[in-house]
file start.tsv (TSV, C-alpha atoms and all ligand atoms)
chain	number	residue	atom	x	y	z
A	9	MET	CA	-23.18	-11.60	-3.16
A	10	LYS	CA	-22.96	-8.18	-4.79
A	11	ILE	CA	-19.45	-6.77	-4.79
A	12	ASP	CA	-20.29	-3.74	-2.66
A	13	ASN	CA	-21.87	-5.99	-0.05
A	14	TYR	CA	-18.80	-8.20	-0.08
A	15	PHE	CA	-16.53	-5.18	0.46
A	16	LEU	CA	-18.70	-4.08	3.37
A	17	LYS	CA	-18.59	-7.56	4.88
A	18	CYS	CA	-14.78	-7.40	4.70
A	19	ARG	CA	-14.85	-4.09	6.55
A	20	GLU	CA	-17.22	-5.31	9.24
A	21	SER	CA	-15.15	-8.45	9.81
A	22	VAL	CA	-12.15	-6.41	11.03
A	23	PHE	CA	-13.70	-3.44	12.81
A	24	ASN	CA	-15.82	-3.35	15.94
A	25	LYS	CA	-17.05	0.21	16.03
A	26	ASP	CA	-18.61	-0.08	19.48
A	27	ASN	CA	-15.20	-0.59	21.08
A	28	ASN	CA	-12.99	0.86	18.33
A	29	VAL	CA	-10.99	-2.35	18.03
A	30	PHE	CA	-9.40	-3.77	14.92
A	31	LEU	CA	-8.68	-7.36	13.91
A	32	LEU	CA	-5.00	-8.00	13.23
A	33	SER	CA	-3.52	-11.07	11.55
A	34	LYS	CA	-1.23	-13.36	13.45
A	35	ILE	CA	1.88	-13.55	11.31
A	36	GLY	CA	3.71	-15.85	13.71
A	37	GLY	CA	3.20	-19.46	12.65
A	38	SER	CA	1.79	-18.55	9.22
A	39	SER	CA	3.37	-19.42	5.88
A	40	GLN	CA	4.30	-15.73	5.56
A	41	GLU	CA	6.74	-16.20	8.41
A	42	LYS	CA	9.00	-18.26	6.11
A	43	ASP	CA	9.60	-15.18	3.95
A	44	LEU	CA	10.62	-12.91	6.83
A	45	THR	CA	14.23	-12.03	7.52
A	46	VAL	CA	13.56	-11.51	11.24
A	47	PRO	CA	10.96	-13.39	13.34
A	48	PRO	CA	7.57	-11.73	13.95
A	49	ASN	CA	7.31	-9.46	17.01
A	50	CYS	CA	4.46	-8.03	19.09
A	51	ASP	CA	3.34	-11.47	20.30
A	52	GLY	CA	3.23	-12.69	16.68
A	53	TYR	CA	0.95	-9.87	15.47
A	54	GLY	CA	3.60	-7.59	14.01
A	55	ARG	CA	6.74	-7.79	11.94
A	56	ILE	CA	9.76	-5.74	11.06
A	57	ARG	CA	10.04	-4.93	7.38
A	58	HIS	CA	13.17	-3.51	5.78
A	59	PHE	CA	12.24	-1.33	2.83
A	60	ARG	CA	15.16	-1.14	0.40
A	61	ARG	CA	15.75	1.35	-2.38
A	62	PHE	CA	17.63	-1.07	-4.62
A	63	ILE	CA	15.37	-3.62	-6.36
A	64	SER	CA	17.49	-5.17	-9.13
A	65	GLU	CA	19.90	-4.12	-11.89
A	66	LYS	CA	17.13	-3.92	-14.50
A	67	TRP	CA	14.41	-2.36	-12.39
A	68	GLY	CA	14.15	1.22	-11.09
A	69	LYS	CA	14.74	2.10	-7.49
A	70	ASP	CA	11.97	2.15	-4.89
A	71	PRO	CA	12.21	5.24	-2.66
A	72	LEU	CA	9.04	4.41	-0.68
A	73	PRO	CA	8.57	4.98	2.16
A	74	ILE	CA	12.27	5.78	2.68
A	75	ASP	CA	12.36	9.30	1.26
A	76	PRO	CA	9.04	10.63	2.64
A	77	ALA	CA	9.86	9.19	6.08
A	78	CYS	CA	13.40	10.58	6.18
A	79	LYS	CA	12.17	13.98	5.05
A	80	ALA	CA	9.39	14.15	7.64
A	81	LEU	CA	11.59	12.91	10.48
A	82	GLY	CA	14.57	15.02	9.49
A	83	LEU	CA	16.80	11.97	8.98
A	84	GLU	CA	19.73	11.79	6.59
A	85	ALA	CA	19.06	10.24	3.19
A	86	CYS	CA	19.52	6.47	3.24
A	87	ASP	CA	18.87	3.38	1.12
A	88	MET	CA	17.07	1.23	3.67
A	89	ILE	CA	14.58	1.92	6.40
A	90	GLU	CA	13.30	-0.33	9.13
A	91	THR	CA	9.55	-0.25	9.69
A	92	GLN	CA	7.10	-1.90	12.04
A	93	VAL	CA	4.18	-3.50	10.21
A	94	PHE	CA	0.75	-4.48	11.50
A	95	GLN	CA	-1.58	-6.31	9.13
A	96	ILE	CA	-5.35	-5.89	9.18
A	97	ALA	CA	-6.96	-9.31	8.78
A	98	SER	CA	-9.10	-8.78	5.71
A	99	CYS	CA	-8.83	-7.74	2.08
A	100	ASN	CA	-11.57	-7.10	-0.45
A	101	VAL	CA	-9.18	-7.64	-3.38
A	102	LYS	CA	-7.72	-10.95	-4.51
A	103	CYS	CA	-4.39	-10.19	-6.15
A	104	TRP	CA	-2.85	-13.47	-7.29
A	105	TYR	CA	0.64	-12.08	-6.55
A	106	CYS	CA	-0.13	-11.15	-2.93
A	107	PHE	CA	2.64	-12.16	-0.55
A	108	VAL	CA	0.18	-12.46	2.35
A	109	PRO	CA	-1.36	-15.95	2.72
A	110	ASP	CA	-5.08	-16.07	1.87
A	111	ASP	CA	-5.90	-17.28	5.38
A	112	LEU	CA	-4.54	-14.05	6.85
A	113	LYS	CA	-7.01	-11.99	4.84
A	114	LYS	CA	-10.21	-13.78	5.84
A	115	ALA	CA	-10.62	-12.56	9.43
A	116	LEU	CA	-10.36	-16.11	10.72
A	117	GLU	CA	-10.69	-16.59	14.45
A	118	HIS	CA	-7.66	-18.85	14.89
A	119	SER	CA	-5.27	-16.55	13.02
A	120	SER	CA	-6.28	-13.11	14.27
A	121	LYS	CA	-7.00	-11.06	17.38
A	122	TRP	CA	-8.75	-7.78	18.31
A	123	PHE	CA	-6.61	-4.80	19.32
A	124	SER	CA	-7.31	-1.19	20.15
A	125	ALA	CA	-4.94	1.48	18.85
A	126	GLY	CA	-3.63	1.74	22.42
A	127	ASP	CA	-2.89	-2.02	22.53
A	128	MET	CA	-0.94	-1.74	19.27
A	129	ILE	CA	1.12	1.22	20.39
A	130	ASN	CA	1.85	-0.54	23.70
A	131	LEU	CA	3.33	-3.44	21.70
A	132	PHE	CA	5.13	-1.05	19.38
A	133	GLN	CA	6.75	0.78	22.28
A	134	ARG	CA	7.62	-2.49	24.02
A	135	ASP	CA	9.15	-4.34	21.03
A	136	CYS	CA	10.30	-1.77	18.51
A	137	GLN	CA	12.85	0.47	20.20
A	138	GLY	CA	14.49	2.67	17.59
A	139	VAL	CA	11.99	1.93	14.81
A	140	ARG	CA	10.79	5.24	13.39
A	141	VAL	CA	8.21	4.12	10.82
A	142	LEU	CA	4.89	2.46	11.54
A	143	ASP	CA	3.28	0.79	8.53
A	144	LEU	CA	-0.45	0.03	8.65
A	145	SER	CA	-0.80	-2.70	6.09
A	146	GLY	CA	-2.79	-5.84	5.47
A	147	GLY	CA	-4.94	-7.02	4.05
A	148	ASN	CA	-6.42	-3.72	3.06
A	149	PRO	CA	-6.23	-0.92	5.68
A	150	GLU	CA	-8.42	1.24	3.48
A	151	LEU	CA	-11.38	-0.88	4.65
A	152	VAL	CA	-11.07	0.73	8.09
A	153	PRO	CA	-9.83	4.33	7.76
A	154	GLU	CA	-10.68	4.67	11.46
A	155	TRP	CA	-7.56	2.60	12.11
A	156	ILE	CA	-5.35	5.39	10.73
A	157	TYR	CA	-7.22	8.02	12.72
A	158	TYR	CA	-7.07	6.21	16.07
A	159	ILE	CA	-3.40	5.32	15.66
A	160	MET	CA	-2.62	9.00	15.01
A	161	ARG	CA	-4.56	10.01	18.12
A	162	GLU	CA	-2.72	7.42	20.18
A	163	LEU	CA	0.70	8.54	18.96
A	164	GLU	CA	-0.22	12.13	19.75
A	165	LYS	CA	-1.60	11.21	23.18
A	166	ARG	CA	1.76	9.68	24.06
A	167	GLY	CA	3.67	12.65	22.65
A	168	ILE	CA	5.51	10.56	20.06
A	169	GLU	CA	3.75	11.77	16.92
A	170	ARG	CA	6.86	13.66	15.78
A	171	ASN	CA	9.14	10.66	16.35
A	172	VAL	CA	7.17	8.13	14.34
A	173	TYR	CA	6.28	8.42	10.67
A	174	LEU	CA	2.99	6.76	9.83
A	175	TRP	CA	2.55	5.02	6.48
A	176	SER	CA	-0.50	3.18	5.15
A	177	ASP	CA	-1.45	1.23	2.05
A	178	ASP	CA	-4.56	1.79	-0.02
A	179	THR	CA	-6.04	-0.10	-2.98
A	180	LEU	CA	-8.27	2.74	-4.24
A	181	THR	CA	-11.17	0.31	-4.58
A	182	THR	CA	-13.53	1.88	-2.01
A	183	ASP	CA	-14.32	5.36	-0.82
A	184	TYR	CA	-14.77	4.30	2.81
A	185	PHE	CA	-12.45	7.11	3.90
A	186	PHE	CA	-15.11	9.61	2.84
A	187	GLU	CA	-18.08	7.45	3.71
A	188	TYR	CA	-17.22	6.43	7.26
A	189	LEU	CA	-14.95	9.10	8.74
A	190	GLN	CA	-16.52	12.15	10.37
A	191	LYS	CA	-15.53	15.54	9.01
A	192	ASP	CA	-13.44	16.33	12.11
A	193	GLN	CA	-11.61	12.99	11.72
A	194	ILE	CA	-10.83	13.74	8.07
A	195	ASP	CA	-9.59	17.20	9.04
A	196	TYR	CA	-7.40	15.69	11.73
A	197	ILE	CA	-5.81	13.22	9.28
A	198	LYS	CA	-5.42	15.98	6.70
A	199	ASN	CA	-3.49	18.13	9.15
A	200	TYR	CA	-1.36	15.33	10.60
A	201	LYS	CA	2.18	16.09	9.42
A	202	PHE	CA	3.92	12.75	9.87
A	203	TYR	CA	1.76	10.64	7.58
A	204	GLY	CA	2.03	9.37	4.01
A	205	LYS	CA	-0.37	7.18	2.06
A	206	VAL	CA	0.62	4.88	-0.79
A	207	CYS	CA	-2.09	3.90	-3.25
A	208	CYS	CA	-1.59	0.91	-5.51
A	209	PHE	CA	-2.72	0.91	-9.14
A	210	LYS	CA	-3.10	-2.80	-9.73
A	211	GLY	CA	-2.45	-2.76	-13.43
A	212	PHE	CA	-1.87	-0.20	-16.15
A	213	ASP	CA	-5.18	-0.64	-17.95
A	214	ASN	CA	-8.61	-2.16	-17.35
A	215	HIS	CA	-7.52	-5.55	-18.67
A	216	SER	CA	-4.36	-5.93	-16.59
A	217	PHE	CA	-6.20	-4.62	-13.51
A	218	SER	CA	-8.86	-7.28	-13.84
A	219	PHE	CA	-6.27	-9.96	-14.60
A	220	ASN	CA	-4.40	-9.06	-11.40
A	221	THR	CA	-7.32	-8.56	-9.01
A	222	LYS	CA	-10.25	-10.60	-10.42
A	223	LEU	CA	-12.38	-7.48	-9.94
A	224	PRO	CA	-14.55	-6.07	-12.76
A	225	GLN	CA	-12.66	-3.80	-15.12
A	226	GLU	CA	-14.57	-0.66	-14.12
A	227	TYR	CA	-12.83	-0.74	-10.75
A	228	PHE	CA	-9.68	0.36	-12.54
A	229	ASP	CA	-11.47	3.59	-13.45
A	230	LYS	CA	-12.56	3.97	-9.83
A	231	GLN	CA	-8.91	3.84	-8.79
A	232	PHE	CA	-8.27	7.15	-10.57
A	233	GLU	CA	-11.42	8.72	-9.10
A	234	ASN	CA	-10.46	7.70	-5.58
A	235	PHE	CA	-6.87	8.89	-6.01
A	236	GLU	CA	-8.14	12.26	-7.14
A	237	LYS	CA	-10.38	12.55	-4.07
A	238	TYR	CA	-7.50	11.85	-1.71
A	239	LEU	CA	-5.31	14.32	-3.55
A	240	ALA	CA	-7.96	17.04	-3.35
A	241	LEU	CA	-7.78	16.68	0.44
A	242	GLY	CA	-4.11	17.54	0.36
A	243	LEU	CA	-2.81	14.23	1.75
A	244	ASP	CA	0.83	13.39	1.08
A	245	LEU	CA	0.10	10.77	-1.55
A	246	TYR	CA	2.27	8.29	-3.41
A	247	GLY	CA	1.50	5.44	-5.74
A	248	TYR	CA	2.63	2.00	-6.72
A	249	VAL	CA	1.73	0.34	-9.98
A	250	THR	CA	2.01	-3.35	-10.82
A	251	PHE	CA	2.85	-4.27	-14.40
A	252	THR	CA	2.02	-8.00	-14.40
A	253	THR	CA	-0.20	-8.88	-17.36
A	254	ASP	CA	-0.99	-11.80	-19.66
A	255	ASP	CA	-1.24	-9.45	-22.65
A	256	VAL	CA	1.66	-7.39	-23.98
A	257	SER	CA	0.07	-6.30	-27.26
A	258	ASP	CA	-0.09	-2.56	-28.09
A	259	LEU	CA	2.08	-1.74	-25.13
A	260	GLU	CA	3.11	1.68	-26.37
A	261	GLU	CA	-0.47	2.89	-26.73
A	262	ARG	CA	-1.74	1.28	-23.54
A	263	MET	CA	1.10	2.76	-21.50
A	264	ALA	CA	0.61	6.20	-23.05
A	265	ASN	CA	-3.06	6.04	-22.01
A	266	PHE	CA	-2.14	5.10	-18.46
A	267	ILE	CA	0.39	7.89	-18.15
A	268	ASN	CA	-2.05	10.39	-19.65
A	269	ARG	CA	-4.73	9.41	-17.15
A	270	LEU	CA	-2.26	10.07	-14.33
A	271	LYS	CA	-1.19	13.35	-15.91
A	272	LYS	CA	-4.80	14.45	-16.13
A	273	ILE	CA	-4.97	14.31	-12.34
A	274	HIS	CA	-1.71	16.26	-12.13
A	275	PRO	CA	0.97	16.77	-14.81
A	276	LEU	CA	3.67	15.53	-12.42
A	277	LEU	CA	1.76	12.64	-10.89
A	278	PRO	CA	3.63	9.91	-12.86
A	279	LEU	CA	6.75	10.98	-10.96
A	280	ARG	CA	5.09	10.03	-7.68
A	281	ILE	CA	4.26	6.53	-8.93
A	282	VAL	CA	6.71	3.68	-8.37
A	283	PRO	CA	6.55	0.44	-10.38
A	284	LEU	CA	6.37	-2.45	-7.93
A	285	LYS	CA	8.27	-5.50	-9.11
A	286	ILE	CA	6.32	-8.67	-8.39
A	287	ALA	CA	8.34	-11.55	-6.96
A	288	ILE	CA	7.18	-15.05	-6.08
A	289	PHE	CA	6.97	-15.35	-2.29
A	290	THR	CA	5.89	-18.56	-0.54
A	291	PRO	CA	2.10	-17.90	-0.47
A	292	VAL	CA	2.13	-17.05	-4.20
A	293	LYS	CA	3.49	-20.46	-5.19
A	294	ASN	CA	0.13	-22.17	-4.50
A	295	ARG	CA	-1.73	-19.74	-6.73
A	296	LEU	CA	0.56	-19.87	-9.76
A	297	ASN	CA	-0.67	-21.00	-13.18
A	298	PRO	CA	1.04	-20.67	-16.60
A	299	SER	CA	-0.46	-17.23	-17.31
A	300	TYR	CA	0.71	-15.87	-13.95
A	301	ILE	CA	4.20	-17.23	-14.54
A	302	GLU	CA	4.18	-15.52	-17.94
A	303	ALA	CA	2.91	-12.30	-16.33
A	304	VAL	CA	5.89	-12.19	-13.97
A	305	GLU	CA	8.13	-12.29	-17.04
A	306	ASN	CA	5.97	-9.81	-19.00
A	307	GLN	CA	6.20	-7.16	-16.28
A	308	LYS	CA	9.78	-6.46	-17.40
A	309	ARG	CA	8.64	-5.47	-20.92
A	310	VAL	CA	5.89	-3.27	-19.52
A	311	TYR	CA	8.33	-1.64	-17.10
A	312	LYS	CA	10.70	-0.81	-19.99
A	313	GLU	CA	7.86	0.92	-21.85
A	314	TRP	CA	6.94	2.95	-18.74
A	315	LYS	CA	10.55	4.02	-18.25
A	316	LYS	CA	11.00	4.95	-21.90
A	317	GLN	CA	7.84	7.08	-21.98
A	318	LEU	CA	8.69	8.86	-18.73
A	319	GLU	CA	12.15	9.66	-20.09
A	320	ASP	CA	10.52	11.12	-23.21
A	321	ILE	CA	8.16	13.29	-21.19
A	322	TYR	CA	10.25	14.63	-18.32
A	323	GLU	CA	13.61	16.39	-18.02
A	324	GLU	CA	16.36	14.39	-16.34
A	325	SER	CA	16.43	16.79	-13.40
A	326	LEU	CA	12.76	16.04	-12.67
A	327	LEU	CA	13.28	12.30	-13.07
A	328	ASN	CA	16.06	12.55	-10.49
A	329	THR	CA	14.11	14.70	-8.04
A	330	ARG	CA	13.39	13.06	-4.70
A	331	ILE	CA	9.86	11.64	-4.86
A	332	CYS	CA	8.70	13.61	-1.82
A	333	ASP	CA	9.91	16.83	-3.45
A	334	ILE	CA	7.61	16.37	-6.45
A	335	PHE	CA	4.80	18.68	-5.43
A	336	LEU	CA	1.27	17.96	-6.60
A	337	SER	CA	-0.54	20.98	-5.21
B	1	LIG	S1	-4.77	-5.63	-2.14
B	1	LIG	FE1	-2.82	-6.02	-1.10
B	1	LIG	S2	-3.37	-7.37	0.61
B	1	LIG	FE2	-5.08	-7.41	-0.80
B	1	LIG	S3	-4.72	-9.18	-2.11
B	1	LIG	FE3	-3.84	-7.39	-3.14
B	1	LIG	S4	-1.70	-7.32	-2.52
B	1	LIG	FE4	-2.79	-8.66	-1.07
call {"tool": "encode", "arguments": {"input": "start.tsv", "output": "structure tokens", "more": "lines below"}}
Ligand code: SF4
result
Amino acid sequence: MKIDNYFLKCRESVFNKDNNVFLLSKIGGSSQEKDLTVPPNCDGYGRIRHFRRFISEKWGKDPLPIDPACKALGLEACDMIETQVFQIASCNVKCWYCFVPDDLKKALEHSSKWFSAGDMINLFQRDCQGVRVLDLSGGNPELVPEWIYYIMRELEKRGIERNVYLWSDDTLTTDYFFEYLQKDQIDYIKNYKFYGKVCCFKGFDNHSFSFNTKLPQEYFDKQFENFEKYLALGLDLYGYVTFTTDDVSDLEERMANFINRLKKIHPLLPLRIVPLKIAIFTPVKNRLNPSYIEAVENQKRVYKEWKKQLEDIYEESLLNTRICDIFLS
């Protein structure tokens, strides 16, 4: 099957456009459940995730989505935020390091169920008292940008859109946002104040991207194009990058190229990108091979190069600026 057709099949497997319902994964009872610190909620179709700023002594801090959420909601700065996660039941990418079991990304009947945005917010309001961040994750939520739109409408309908910060992941591998949303829907999302999108660069060059995702190398180039399109809309955009690779040759030059490509989009964009440290969760263990094990180790060398180059480029005051106060307009 051609890749574009496969991507479309993934989209169609989790979205019924006649009823505006979305297929969510059942986390309860899956192997992912073993990695959770608190049991799944929302009848097994949701989970609480604690996002923490501190990663490890030798890795930089992760301010996402803590800082953007606190800023939007007017909360005091903190180092951990509790979020409610729903996972769409399909992904068009096959990252070997994914902490979601493969079965929960294949829209399988026995491990998923259809929900409207209203159904989801009913569960959220029933089970998540005090949780201020709603994270639309997966799988790949970018496959169904309608999900983001209808959740926003539902939050607004209930008058809670200012109490809940909405966060969603994006792999930058499709442009479904522009292809499938109507202009008025795009405008609505664009003007929605309590929303942030995090886009994940799945490698720092064409080779590492392909190694991590099994997609053709040209999709790495598409990631930059898609990021630029989102940015042109004026969305509040952030990025992750994964540094796992089987090849650590010419690191200095390869990293400089990556950073320059980001800077071409906006000179300060590298400061909105957070290196995501890959760890081996339960579902990853079955996929490991010697080159993946080596890649987990290699990411530390790549991270050091990223950090060094950023410190050479930017003043300390900029490096210490809160990520949501780095303005890209
Ligand atoms: S894009 Fe995300 S959900 Fe999909 S395989 Fe990669 S890490 Fe997993």
call {"tool": "residues_near_ligand", "arguments": {"input": "start.tsv", "ligand": "ligand LIG 1 (chain B)", "cutoff": "9 Å", "atoms": "only C-alpha atoms and all ligand atoms", "output": "compact mmCIF listing (two decimals) with C-alpha atoms, in the frame of the given file"}}
result
# COMPACT_ATOMS: atom_id res chain seq x y z
CA GLN A 95 -1.58 -6.31 9.13
CA ILE A 96 -5.35 -5.89 9.18
CA SER A 98 -9.10 -8.78 5.71
CA CYS A 99 -8.83 -7.74 2.08
CA ASN A 100 -11.57 -7.10 -0.45
CA VAL A 101 -9.18 -7.64 -3.38
CA LYS A 102 -7.72 -10.95 -4.51
CA CYS A 103 -4.39 -10.19 -6.15
CA TRP A 104 -2.85 -13.47 -7.29
CA TYR A 105 0.64 -12.08 -6.55
CA CYS A 106 -0.13 -11.15 -2.93
CA PHE A 107 2.64 -12.16 -0.55
CA VAL A 108 0.18 -12.46 2.35
CA PRO A 109 -1.36 -15.95 2.72
CA ASP A 110 -5.08 -16.07 1.87
CA LYS A 113 -7.01 -11.99 4.84
CA SER A 145 -0.80 -2.70 6.09
CA GLY A 146 -2.79 -5.84 5.47
CA GLY A 147 -4.94 -7.02 4.05
CA ASN A 148 -6.42 -3.72 3.06
CA PRO A 149 -6.23 -0.92 5.68
CA ASP A 177 -1.45 1.23 2.05
CA ASP A 178 -4.56 1.79 -0.02
CA THR A 179 -6.04 -0.10 -2.98
CA CYS A 208 -1.59 0.91 -5.51
CA LYS A 210 -3.10 -2.80 -9.73
CA ASN A 220 -4.40 -9.06 -11.40
CA THR A 221 -7.32 -8.56 -9.01
call {"tool": "atom_distance", "arguments": {"input": "start.tsv", "atom1": "atom CA of A:Glu20", "atom2": "atom CA of A:Ala97"}}
result
11.0 Å
call {"tool": "residues_around", "arguments": {"input": "start.tsv", "residues": "A:Glu41", "least_positions_apart": "3", "cutoff": "10 Å", "atoms": "all atoms listed in the file", "output": "list in words"}}
result
Lys34, Ile35, Gly36, Gly37, Ser38, Leu44, Thr45, Val46, Pro47, Pro48, Gly52, Arg55, Val108, Pro109 and Thr290 of chain A
call {"tool": "axis_aligned_box", "arguments": {"input": "start.tsv", "around": "stretch 262-270 of chain A", "padding_each_side": "4 Å", "output": "JSON"}}
result
{"center_x": -1.8, "center_y": 5.8, "center_z": -18.9, "size_x": 13.8, "size_y": 17.1, "size_z": 17.2}
call {"tool": "residues_near_point", "arguments": {"input": "start.tsv", "point": "(4.1, 14.4, 14.9)", "cutoff": "10 Å", "atoms": "all atoms listed in the file", "output": "list in words"}}
result
Ala80, Leu81, Met160, Leu163, Glu164, Gly167, Ile168, Glu169, Arg170, Asn171, Val172, Tyr173, Leu174, Tyr200, Lys201, Phe202 and Tyr203 of chain A
call {"tool": "closest_residue", "arguments": {"input": "start.tsv", "among": "A:Trp67, A:Phe94, A:Phe219, A:Phe59", "to": "A:Phe30", "atoms": "only C-alpha atoms"}}
result
A:Phe94
call {"tool": "closest_residue", "arguments": {"input": "start.tsv", "among": "A:Arg19, A:Lys312, A:Arg61, A:Lys79", "to": "A:Lys114", "atoms": "only C-alpha atoms"}}
result
A:Arg19
call {"tool": "atom_distance", "arguments": {"input": "start.tsv", "atom1": "atom CA of A:Ser325", "atom2": "atom CA of A:Lys285"}}
result
24.1 Å
call {"tool": "residues_around", "arguments": {"input": "start.tsv", "residues": "A:Ser64", "least_positions_apart": "6", "cutoff": "12 Å", "atoms": "all atoms listed in the file", "output": "list in words"}}
result
Asp70, Leu284, Lys285, Ile286, Ala287 and Lys308 of chain A
call {"tool": "closest_residue", "arguments": {"input": "start.tsv", "among": "A:Glu233, A:Glu117, A:Asp320, A:Asp127", "to": "A:Ile159", "atoms": "only C-alpha atoms"}}
result
A:Asp127
call {"tool": "closest_residue", "arguments": {"input": "start.tsv", "among": "A:Leu72, A:Cys18, A:Ile288, A:Met128", "to": "A:Leu32", "atoms": "all atoms listed in the file"}}
result
A:Met128
call {"tool": "closest_residue", "arguments": {"input": "start.tsv", "among": "A:Thr181, A:Lys69, A:Ser119, A:Asp195", "to": "A:Gln231", "atoms": "all atoms listed in the file"}}
result
A:Thr181
call {"tool": "residues_around", "arguments": {"input": "start.tsv", "residues": "A:Leu116", "least_positions_apart": "4", "cutoff": "10 Å", "atoms": "all atoms listed in the file", "output": "number ranges by chain"}}
result
A: 21-22, 31, 33-34, 97-98, 111-112, 120-121
call {"tool": "write_last_selection", "arguments": {"input": "start.tsv", "atoms": "C-alpha atoms", "output": "CSV table (one decimal), keeping the file's coordinate frame"}}
result
chain,number,residue,atom,x,y,z
A,21,SER,CA,-15.2,-8.4,9.8
A,22,VAL,CA,-12.2,-6.4,11.0
A,31,LEU,CA,-8.7,-7.4,13.9
A,33,SER,CA,-3.5,-11.1,11.6
A,34,LYS,CA,-1.2,-13.4,13.4
A,97,ALA,CA,-7.0,-9.3,8.8
A,98,SER,CA,-9.1,-8.8,5.7
A,111,ASP,CA,-5.9,-17.3,5.4
A,112,LEU,CA,-4.5,-14.0,6.8
A,120,SER,CA,-6.3,-13.1,14.3
A,121,LYS,CA,-7.0,-11.1,17.4
call {"tool": "residues_around", "arguments": {"input": "start.tsv", "residues": "A:Asn27", "least_positions_apart": "4", "cutoff": "10 Å", "atoms": "all atoms listed in the file", "output": "list of chain:residue names"}}
result
A:Phe23, A:Phe123, A:Ser124
call {"tool": "atom_distance", "arguments": {"input": "start.tsv", "atom1": "atom CA of A:Asp229", "atom2": "atom CA of A:Phe212"}}
result
10.7 Å
call {"tool": "closest_residue", "arguments": {"input": "start.tsv", "among": "A:Phe251, A:Phe209, A:Phe217, A:Phe186", "to": "A:Ile281", "atoms": "all atoms listed in the file"}}
result
A:Phe209
call {"tool": "residues_around", "arguments": {"input": "start.tsv", "residues": "A:Gly204", "least_positions_apart": "5", "cutoff": "12 Å", "atoms": "only C-alpha atoms", "output": "ChimeraX atom specification"}}
result
/A:72-80,141-144,156,160,172-178,197-199,238-239,242-247,332
